[in-house]
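**Q** Enclosed is the structure file data.txt (compact mmCIF, C-alpha atoms).
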# COMPACT_ATOMS: atom_id res chain seq x y z
CA MET A 884 14.83 -20.54 37.02
CA CYS A 885 13.84 -16.83 36.85
CA LYS A 886 17.13 -16.00 35.12
CA CYS A 887 16.48 -18.76 32.57
CA ILE A 888 12.97 -17.44 31.80
CA GLU A 889 14.28 -13.88 31.60
CA GLY A 890 17.01 -14.99 29.17
CA ILE A 891 14.52 -16.78 26.92
CA LEU A 892 12.17 -13.78 26.91
CA LYS A 893 15.08 -11.47 26.08
CA VAL A 894 16.13 -13.59 23.10
CA LEU A 895 12.53 -13.82 21.85
CA LEU A 896 12.10 -10.03 22.17
CA PHE A 897 15.34 -9.45 20.24
CA ILE A 898 14.10 -11.69 17.41
CA PHE A 899 10.69 -10.02 17.49
CA ASN A 900 12.17 -6.51 17.32
CA PHE A 901 14.46 -7.50 14.46
CA LEU A 902 11.39 -8.76 12.53
CA LEU A 903 9.61 -5.46 13.27
CA LEU A 904 12.57 -3.53 11.86
CA VAL A 905 12.49 -5.66 8.69
CA ALA A 906 8.70 -5.25 8.37
CA GLY A 907 8.99 -1.49 8.86
CA ILE A 908 11.68 -1.15 6.19
CA GLY A 909 9.58 -3.39 3.91
CA LEU A 910 6.52 -1.12 4.26
CA ILE A 911 8.62 1.97 3.53
CA VAL A 912 9.96 0.30 0.36
CA ILE A 913 6.43 -0.76 -0.70
CA GLY A 914 5.21 2.82 -0.21
CA ALA A 915 8.08 4.18 -2.33
CA VAL A 916 7.49 1.60 -5.09
CA VAL A 917 3.74 2.35 -5.22
CA ALA A 918 4.50 6.10 -5.39
CA ALA A 919 6.91 5.54 -8.29
CA GLU A 920 4.54 3.12 -10.09
CA PHE A 921 1.34 5.15 -9.88
CA GLY A 922 2.59 8.69 -9.17
CA LYS A 923 2.73 9.80 -12.80
CA PHE A 924 -0.89 8.74 -13.35
CA ALA A 925 -2.03 10.71 -10.30
CA ARG A 926 -0.01 13.80 -11.28
CA GLU A 927 -1.75 13.88 -14.67
CA GLU A 928 -5.08 13.79 -12.79
CA LEU A 929 -6.15 10.41 -14.14
CA PHE A 930 -7.55 9.89 -10.64
CA GLU A 931 -7.66 11.97 -7.46
CA GLN A 932 -4.21 12.20 -5.92
CA ARG A 933 -5.49 11.80 -2.36
CA TYR A 934 -6.20 8.10 -2.98
CA LEU A 935 -2.58 7.45 -3.92
CA TRP A 936 -0.72 9.77 -1.56
CA GLY A 937 -3.00 8.85 1.33
CA THR A 938 -2.17 5.16 0.82
CA VAL A 939 1.55 5.82 0.35
CA GLY A 940 1.68 8.19 3.32
CA VAL A 941 0.02 5.68 5.65
CA ALA A 942 2.27 2.80 4.50
CA ILE A 943 5.44 4.86 5.04
CA THR A 944 4.18 6.26 8.37
CA ILE A 945 3.41 2.79 9.72
CA GLY A 946 6.77 1.58 8.39
CA LEU A 947 8.61 4.39 10.20
CA LEU A 948 6.67 3.69 13.40
CA LEU A 949 7.59 -0.01 13.18
CA VAL A 950 11.26 0.92 12.79
CA LEU A 951 10.93 3.25 15.80
CA VAL A 952 9.24 0.47 17.79
CA GLY A 953 12.08 -1.90 16.92
CA VAL A 954 14.65 0.67 18.08
CA PHE A 955 12.70 1.25 21.32
CA GLY A 956 12.47 -2.48 21.96
CA ILE A 957 16.13 -3.24 21.28
CA GLY A 958 17.22 -0.12 23.20
CA GLY A 959 15.09 -1.13 26.18
CA LEU A 960 16.58 -4.62 26.21
CA CYS A 961 20.20 -3.55 25.73
CA CYS A 962 20.07 -0.65 28.19
CA LYS A 963 17.58 -2.38 30.49
CA LYS A 964 15.49 0.79 30.46
CA LYS A 965 11.95 0.09 31.64
CA ALA A 966 10.68 3.39 30.16
CA LEU A 967 11.81 2.34 26.66
CA LEU A 968 10.00 -0.98 26.93
CA ILE A 969 6.84 0.77 28.14
CA GLY A 970 7.15 3.15 25.15
CA PHE A 971 7.59 0.07 22.96
CA ILE A 972 4.27 -1.38 24.23
CA VAL A 973 2.42 1.93 23.81
CA LEU A 974 3.69 2.37 20.23
CA LEU A 975 2.65 -1.19 19.35
CA ILE A 976 -0.90 -0.48 20.56
CA VAL A 977 -1.00 2.79 18.54
CA ILE A 978 0.18 0.98 15.38
CA ILE A 979 -2.45 -1.76 15.79
CA ILE A 980 -5.18 0.92 16.02
CA LEU A 981 -3.76 2.65 12.89
CA GLU A 982 -3.67 -0.62 10.95
CA ILE A 983 -7.32 -1.37 11.77
CA ALA A 984 -8.34 2.17 10.71
CA VAL A 985 -6.40 1.89 7.43
CA MET A 986 -7.91 -1.50 6.55
CA VAL A 987 -11.42 -0.10 7.06
CA LEU A 988 -10.70 3.01 4.95
CA VAL A 989 -9.23 0.97 2.06
CA PHE A 990 -12.39 -1.11 1.71
CA VAL A 991 -14.74 1.87 2.23
CA TYR A 992 -13.13 4.17 -0.39
CA LYS A 993 -12.05 1.68 -3.08
CA ASP A 994 -15.27 1.99 -5.13
CA GLU A 995 -15.29 5.78 -4.79
CA GLY A 996 -11.70 5.94 -6.03
CA GLU A 997 -12.47 3.65 -8.97
CA ASP A 998 -15.45 5.80 -10.05
CA SER A 999 -13.27 8.92 -9.78
CA ALA A 1000 -10.62 7.37 -12.05
CA LYS A 1001 -13.19 6.28 -14.66
CA THR A 1002 -14.72 9.75 -14.83
CA SER A 1003 -11.38 11.59 -14.89
CA ILE A 1004 -9.89 9.45 -17.67
CA ALA A 1005 -13.05 9.57 -19.80
CA SER A 1006 -13.25 13.38 -19.53
CA LEU A 1007 -9.61 13.77 -20.63
CA LEU A 1008 -9.83 11.67 -23.79
CA ASN A 1009 -11.40 14.13 -26.21
CA THR A 1010 -9.10 17.08 -25.38
CA THR A 1011 -5.99 14.89 -25.01
CA TYR A 1012 -6.30 13.03 -28.33
CA SER A 1013 -7.45 16.15 -30.22
CA GLY A 1014 -4.13 17.98 -30.09
CA GLY A 1015 -4.09 18.47 -26.32
CA GLU A 1016 -1.22 18.18 -23.87
CA SER A 1017 1.25 15.64 -25.30
CA LYS A 1018 2.58 14.65 -21.85
CA THR A 1019 -0.93 13.68 -20.70
CA ARG A 1020 -1.44 11.77 -23.95
CA ASP A 1021 1.82 9.87 -23.40
CA VAL A 1022 0.80 8.99 -19.82
CA LEU A 1023 -2.65 7.83 -20.99
CA ASN A 1024 -1.04 5.65 -23.67
CA GLU A 1025 1.36 4.22 -21.09
CA LEU A 1026 -1.55 3.49 -18.73
CA GLN A 1027 -3.54 1.69 -21.44
CA ASP A 1028 -0.54 -0.25 -22.67
CA LYS A 1029 0.68 -1.17 -19.17
CA PHE A 1030 -2.66 -2.34 -17.75
CA ASP A 1031 -4.23 -3.80 -20.93
CA CYS A 1032 -7.20 -1.45 -20.78
CA CYS A 1033 -8.93 1.20 -22.87
CA GLY A 1034 -10.69 4.44 -21.89
CA GLY A 1035 -11.99 5.36 -18.46
CA PHE A 1036 -15.18 3.29 -18.23
CA ASN A 1037 -14.47 1.14 -21.32
CA ILE A 1038 -13.53 1.36 -25.01
CA SER A 1039 -16.81 3.13 -25.88
CA ASP A 1040 -15.36 6.29 -24.25
CA TYR A 1041 -13.52 6.83 -27.57
CA GLU A 1042 -16.72 7.23 -29.58
CA GLY A 1043 -16.57 10.69 -31.12
CA VAL A 1044 -12.93 11.25 -30.11
CA THR A 1045 -10.78 12.69 -32.91
CA GLY A 1046 -8.57 9.95 -34.34
CA GLY A 1047 -10.65 7.14 -32.85
CA VAL A 1048 -9.25 4.41 -30.62
CA PRO A 1049 -5.45 4.81 -30.16
CA GLY A 1050 -2.89 2.09 -30.79
CA SER A 1051 -2.22 1.78 -27.04
CA CYS A 1052 -5.61 0.03 -26.74
CA CYS A 1053 -4.60 -2.58 -29.32
CA ARG A 1054 -4.19 -6.13 -28.02
CA VAL A 1055 -2.56 -7.52 -31.18
CA SER A 1056 0.60 -6.46 -33.03
CA ASN A 1057 -1.21 -4.12 -35.46
CA CYS A 1058 -4.78 -2.78 -35.33
CA THR A 1059 -4.68 -0.74 -38.53
CA GLY A 1060 -7.93 -1.17 -40.47
CA VAL A 1061 -9.42 -3.81 -38.13
CA ALA A 1062 -12.85 -3.74 -36.49
CA VAL A 1063 -13.09 -2.04 -33.10
CA ASN A 1064 -14.07 -4.99 -30.92
CA GLY A 1065 -12.78 -7.22 -28.15
CA THR A 1066 -10.89 -9.43 -30.62
CA TYR A 1067 -8.40 -6.71 -31.50
CA TYR A 1068 -8.73 -4.12 -28.72
CA TRP A 1069 -8.78 -4.14 -24.94
CA THR A 1070 -12.33 -3.29 -23.95
CA ARG A 1071 -12.05 -3.11 -20.17
CA GLY A 1072 -11.84 0.41 -18.71
CA CYS A 1073 -8.62 1.72 -17.14
CA GLY A 1074 -10.40 3.07 -14.06
CA GLU A 1075 -11.37 -0.45 -13.05
CA ARG A 1076 -8.00 -1.96 -13.99
CA LEU A 1077 -6.05 0.76 -12.16
CA PHE A 1078 -7.92 0.23 -8.91
CA ASP A 1079 -7.80 -3.55 -9.33
CA GLU A 1080 -4.02 -3.18 -9.25
CA ILE A 1081 -4.17 -0.84 -6.27
CA GLY A 1082 -6.71 -3.21 -4.66
CA ASP A 1083 -4.35 -6.17 -5.14
CA LEU A 1084 -1.62 -4.16 -3.45
CA GLY A 1085 -4.12 -3.30 -0.71
CA VAL A 1086 -4.90 -7.00 -0.16
CA GLY A 1087 -1.17 -7.71 0.07
CA VAL A 1088 -0.70 -4.91 2.61
CA PHE A 1089 -3.84 -6.16 4.44
CA VAL A 1090 -2.34 -9.66 4.79
CA ILE A 1091 1.01 -8.22 5.89
CA ALA A 1092 -0.80 -5.98 8.40
CA ILE A 1093 -2.64 -8.96 9.92
CA ILE A 1094 0.61 -10.92 10.25
CA ILE A 1095 2.35 -7.88 11.79
CA ALA A 1096 -0.61 -7.32 14.14
CA LEU A 1097 -0.34 -10.93 15.36
CA PHE A 1098 3.37 -10.43 15.97
CA GLN A 1099 2.57 -7.17 17.75
CA PHE A 1100 0.21 -8.91 20.16
CA ILE A 1101 2.92 -11.49 20.84
CA GLY A 1102 5.41 -8.65 21.34
CA ILE A 1103 3.15 -6.93 23.88
CA ILE A 1104 2.77 -10.20 25.82
CA LEU A 1105 6.54 -10.87 25.73
CA ALA A 1106 7.39 -7.32 26.81
CA CYS A 1107 4.89 -7.43 29.69
CA LYS A 1108 6.24 -10.79 30.85
CA TYR A 1109 9.82 -9.52 30.60
CA LEU A 1110 8.93 -6.45 32.68
CA ASN A 1111 7.21 -8.70 35.26
CA GLU A 1112 10.26 -10.95 35.44
CA ASP A 1113 12.51 -7.91 35.83
CA ASP A 1114 10.30 -6.48 38.58
CA SER A 1115 10.21 -9.83 40.44
CA LYS A 1116 14.03 -9.83 40.61
CA HIS A 1117 13.96 -6.60 42.58
CA VAL A 1118 11.29 -7.68 45.06
Mind turning the file's structure into structure tokens?
**A**
Amino acid sequence: MCKCIEGILKVLLFIFNFLLLVAGIGLIVIGAVVAAEFGKFAREELFEQRYLWGTVGVAITIGLLLVLVGVFGIGGLCCKKKALLIGFIVLLIVIIILEIAVMVLVFVYKDEGEDSAKTSIASLLNTTYSGGESKTRDVLNELQDKFDCCGGFNISDYEGVTGGVPGSCCRVSNCTGVAVNGTYYWTRGCGERLFDEIGDLGVGVFVIAIIIALFQFIGIILACKYLNEDDSKHV
């Protein structure tokens, strides 16, 4: 009977550790994609870089820890090393604490990050569209075109800017000679849109983190039971 229970627990732990490995690799990929997607906007100081690189760094760190946990778990099962399984349990607890801390920080600093982006973009407009750095101008145009937005706070940021509202704010095929209003131009600010996108990613990571946390609790219970079963064999 004990051997049967031990066998079932071993199979369940193998499946669990495989899922952790997949989740860890998934988080690393998400971090890399977010860095590639938003990195150019951060490098041109459209918002403070710490909001992006902090998020990416945490996602990749947790992903690497999950991969390490999976290796510990599988190694402990294959080699029947109690120390590896204990390390597996400790790492799971550490990751759960990190996930809770990250979820709190995301919700606390989202508004601050959004305000920073609005102010940064608005302050760049006049110098950028008045013969300023062409690379920054190209990135601003890409941002407005990609996220269907205009300016930092809103389209009114372009009042007094040399050349007026750029074509990247246009929501129709051609805005030449048309009135500057919501019919022809995007009026929503890019600061809000940018952090809406990051917020949506944050919600996705939040949901994934909750699912992973539930699996982690199950993993801790399974590992403890497996260790108890293993200890009872040697009594």
**Q** With distances taken over only C-alpha atoms, which residue among A:Glu1075, A:Ala984, A:Ser1017, A:Phe955 lies nearest A:Ile972?
**A**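 Answer, going by the shortest atom-to-atom distance: A:Phe955.
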**Q** What does the structure give for the distance between atom CA of A:Phe1030 and atom CA of A:Gly907, in Å to one decimal?
**A**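 According to the coordinates, atom CA of A:Phe1030 and atom CA of A:Gly907 are separated by 29.1 Å.
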**Q** Nearest to A:Phe1098 among A:Val1061, A:Leu949, A:Met986, A:Ile943, with distances taken over only C-alpha atoms: which residue is it?
**A** A:Leu949
**Q** For A:Arg933, which residue among A:Asp1028, A:Asp1083, A:Glu995, A:Glu1042 is the nearest when counting all atoms listed in the file?
**A**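 The answer is A:Glu995, which sits nearest to A:Arg933.
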**Q** In Å, how far is it from atom CA of A:Val1048 to atom CA of A:Cys1033?
**A**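 Between these atoms lies a distance of 8.4 Å.
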**Q** Name the closest residue to A:Leu935 among the candidates A:Val1063, A:Glu1080, A:Ile957, A:Gly970; distances are taken between atoms, counting all atoms listed in the file.
**A**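 Residue with the minimum atom-to-atom distance to A:Leu935: A:Glu1080.
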**Q** Calculated over only C-alpha atoms, which of the candidates A:Ile945, A:Leu929, A:Val916, A:Ile980 has the smallest distance to A:Ile1091?
**A**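 Nearest to A:Ile1091: A:Ile945.
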**Q** Rank A:Val941, A:Ala919, A:Val905, A:Leu1008 by their smallest atom-to-atom distance to A:Ile1095, using all atoms listed in the file, and report the top residue only.
**A** A:Val905
**Q** As a ChimeraX atom specification, please: the residues near A:Ile1101 (cut-off 10 Å, all atoms listed in the file, same-chain neighbours under 6 positions excluded).
**A** /A:895-896,899,1095,1107
**Q** Just give me the gap between atom CA of A:Val939 and atom CA of A:Ile1094 in Å, one decimal is fine.
**A** 19.5 Å
**Q** Around the point (-12.7, 1.8, -3.1) in the file's coordinates, collect all residues with an atom within 12 Å, using all atoms listed in the file, and return them as a list in words.
**A** Tyr934, Leu935, Thr938, Met986, Val987, Leu988, Val989, Phe990, Val991, Tyr992, Lys993, Asp994, Glu995, Gly996, Glu997, Asp998, Ser999, Ala1000, Gly1074, Glu1075, Leu1077, Phe1078, Asp1079, Glu1080, Ile1081, Gly1082, Asp1083 and Gly1085 of chain A
**Q** Is there a way to complete stretch 982-993 of chain A with all heavy atoms and then write that out as a compact mmCIF listing (two decimals), keeping the file's coordinate frame?
**A**
# COMPACT_ATOMS: atom_id res chain seq x y z
N GLU A 982 -3.50 0.42 11.96
CA GLU A 982 -3.67 -0.62 10.95
C GLU A 982 -5.15 -0.98 10.76
O GLU A 982 -5.61 -1.14 9.63
CB GLU A 982 -2.87 -1.88 11.35
CG GLU A 982 -1.38 -1.72 11.17
CD GLU A 982 -0.59 -2.83 11.83
OE1 GLU A 982 -1.16 -3.60 12.62
OE2 GLU A 982 0.62 -2.91 11.55
N ILE A 983 -5.88 -1.08 11.86
CA ILE A 983 -7.32 -1.37 11.77
C ILE A 983 -8.04 -0.25 11.02
O ILE A 983 -8.86 -0.50 10.13
CB ILE A 983 -7.92 -1.56 13.18
CG1 ILE A 983 -7.35 -2.83 13.83
CG2 ILE A 983 -9.45 -1.64 13.11
CD1 ILE A 983 -7.66 -2.97 15.31
N ALA A 984 -7.71 1.01 11.36
CA ALA A 984 -8.34 2.17 10.71
C ALA A 984 -8.05 2.18 9.21
O ALA A 984 -8.94 2.43 8.39
CB ALA A 984 -7.84 3.46 11.35
N VAL A 985 -6.80 1.89 8.84
CA VAL A 985 -6.40 1.89 7.43
C VAL A 985 -7.14 0.80 6.65
O VAL A 985 -7.63 1.03 5.53
CB VAL A 985 -4.87 1.70 7.29
CG1 VAL A 985 -4.49 1.42 5.85
CG2 VAL A 985 -4.15 2.92 7.81
N MET A 986 -7.23 -0.40 7.23
CA MET A 986 -7.91 -1.50 6.55
C MET A 986 -9.38 -1.16 6.28
O MET A 986 -9.91 -1.45 5.21
CB MET A 986 -7.78 -2.78 7.38
CG MET A 986 -6.40 -3.39 7.34
SD MET A 986 -6.28 -4.97 8.20
CE MET A 986 -6.09 -4.44 9.89
N VAL A 987 -10.02 -0.51 7.23
CA VAL A 987 -11.42 -0.10 7.06
C VAL A 987 -11.54 0.93 5.94
O VAL A 987 -12.40 0.83 5.06
CB VAL A 987 -11.99 0.47 8.39
CG1 VAL A 987 -13.36 1.11 8.14
CG2 VAL A 987 -12.11 -0.63 9.43
N LEU A 988 -10.66 1.94 5.95
CA LEU A 988 -10.70 3.01 4.95
C LEU A 988 -10.46 2.50 3.53
O LEU A 988 -11.09 2.96 2.58
CB LEU A 988 -9.67 4.09 5.29
CG LEU A 988 -10.00 4.97 6.50
CD1 LEU A 988 -8.82 5.86 6.84
CD2 LEU A 988 -11.25 5.81 6.24
N VAL A 989 -9.52 1.54 3.39
CA VAL A 989 -9.23 0.97 2.06
C VAL A 989 -10.47 0.35 1.46
O VAL A 989 -10.80 0.58 0.28
CB VAL A 989 -8.09 -0.08 2.16
CG1 VAL A 989 -8.02 -0.93 0.89
CG2 VAL A 989 -6.76 0.61 2.39
N PHE A 990 -11.20 -0.43 2.23
CA PHE A 990 -12.39 -1.11 1.71
C PHE A 990 -13.56 -0.14 1.51
O PHE A 990 -14.37 -0.31 0.60
CB PHE A 990 -12.79 -2.26 2.63
CG PHE A 990 -11.87 -3.44 2.52
CD1 PHE A 990 -10.94 -3.71 3.52
CD2 PHE A 990 -11.89 -4.27 1.42
CE1 PHE A 990 -10.07 -4.79 3.42
CE2 PHE A 990 -11.03 -5.35 1.30
CZ PHE A 990 -10.11 -5.61 2.30
N VAL A 991 -13.64 0.91 2.34
CA VAL A 991 -14.74 1.87 2.23
C VAL A 991 -14.58 2.74 0.98
O VAL A 991 -15.56 3.01 0.27
CB VAL A 991 -14.80 2.76 3.49
CG1 VAL A 991 -15.72 3.96 3.26
CG2 VAL A 991 -15.31 1.95 4.68
N TYR A 992 -13.34 3.18 0.67
CA TYR A 992 -13.13 4.17 -0.39
C TYR A 992 -12.68 3.59 -1.72
O TYR A 992 -12.49 4.34 -2.67
CB TYR A 992 -12.12 5.21 0.08
CG TYR A 992 -12.70 6.16 1.11
CD1 TYR A 992 -12.38 6.05 2.46
CD2 TYR A 992 -13.59 7.16 0.72
CE1 TYR A 992 -12.92 6.91 3.40
CE2 TYR A 992 -14.14 8.03 1.66
CZ TYR A 992 -13.80 7.89 3.00
OH TYR A 992 -14.34 8.74 3.93
N LYS A 993 -12.51 2.27 -1.82
CA LYS A 993 -12.05 1.68 -3.08
C LYS A 993 -13.00 1.99 -4.24
O LYS A 993 -12.58 2.42 -5.31
CB LYS A 993 -11.87 0.17 -2.94
CG LYS A 993 -11.36 -0.48 -4.23
CD LYS A 993 -11.25 -1.97 -4.10
CE LYS A 993 -10.74 -2.59 -5.40
NZ LYS A 993 -11.68 -2.46 -6.52
